[in-house]
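Have a look at the structure below, then the notes.
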Amino acid sequence: MLHLLIVNYTGSEEDAAPFVRDHVRYLERHHADGVFLVSGQTVPSSQGGAIVACGVDRETIERISAQDPFVVNGVATHSITTIEPGRIHPALAELLPATEAPRG
């Protein structure tokens with residue numbers, strides 16, 4: 001399964017600034033363990049950011065999301081959309097767990 005996490009600031013970027021260092025460490029840890037595939041700021045950055053995660057179930061990604069220093073400190077929320085891939089670009093096939101045959 002894939003999970004799209006949208007990180008929305010609850011206030012301004014300035015409110016989140018004191019927690020950026022810890023947030024980056026959080027991102028690096030989950031990139032290193034292979035759960036986060038992509039992360040980055042939105043454009044414009046004042047909206048927050050987005051993370052694409054894989055290899056864990058919904059309960060686990062909810063737990064991981066709750067540990068984001070931005071969330072812990074109340075300066076952002078995560079909305080999570082879970083996706084069961086139906087088609088995968090060949091360049092990504094090795095990164096993503098096997099899925100059912102494409103439908104339709």
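Chain lettering (A, B, ...) mirrors the order of the structure tokens, residue numbering begins at 1 for each chain separately, and ligand numbering begins at 1 in order of display.
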
For Glu62 (chain A), list every protein, DNA or RNA residue within 12 Å, evaluated using only C-alpha atoms, and leave out those in the same chain fewer than 5 positions away; present the list as a PyMOL selection string. chain A and resi 3-5+53+56-57+67-68+71+77-82

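If you count only C-alpha atoms and ignore residues fewer than 3 places along the chain from His31 (chain A), what sits within 12 Å of it is Val24, Arg25, Tyr26, Leu27, Glu28, Gly34, Val35, Phe36, Leu37, Val38, Ser39, Gly40, Ile51, Val52, Ala53, Cys54 and Gly55 of chain A.
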
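Of the residues under consideration (A:Asn8, A:Glu13, A:Ile64, A:Leu2), A:Ile64 shows the shortest atom-to-atom contact distance to Arg29 (chain A) when counting only C-alpha atoms.
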
As a check of understanding: the span from CA of Ala17 (chain A) to CA of Ala66 (chain A) is 18.4 Å

Expected answer as a ChimeraX atom specification: helix (DSSP H, G or I) residues in region 8-96 of chain A = /A:13-32,45-47,58-66,69-72,90-92

Contacts of Gln47 (chain A) within 10 Å, only C-alpha atoms, excl. fewer than 4 positions in-chain, as a list of chain:residue names: A:Ile6, A:Val7, A:Asn8, A:Tyr9, A:Thr10, A:Gly11, A:Ser12, A:Glu13, A:Gln41, A:Thr42, A:Val43, A:Ala76

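Among the candidate residues A:Phe19, A:Arg58, A:Gly48, A:Ser65, the one lying nearest to Glu84 (chain A) is A:Arg58, with distances computed using only C-alpha atoms.
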
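The smallest atom-to-atom distance between Asp22 (chain A) and any of A:Leu92, A:Ile61, A:Ala50, A:Val72, using only C-alpha atoms, is found for A:Val72.
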
From a backbone DSSP assignment, name each residue in region 44-83 of chain A labelled strand (DSSP E or B), as a PyMOL selection string.
chain A and resi 48-54+76-83
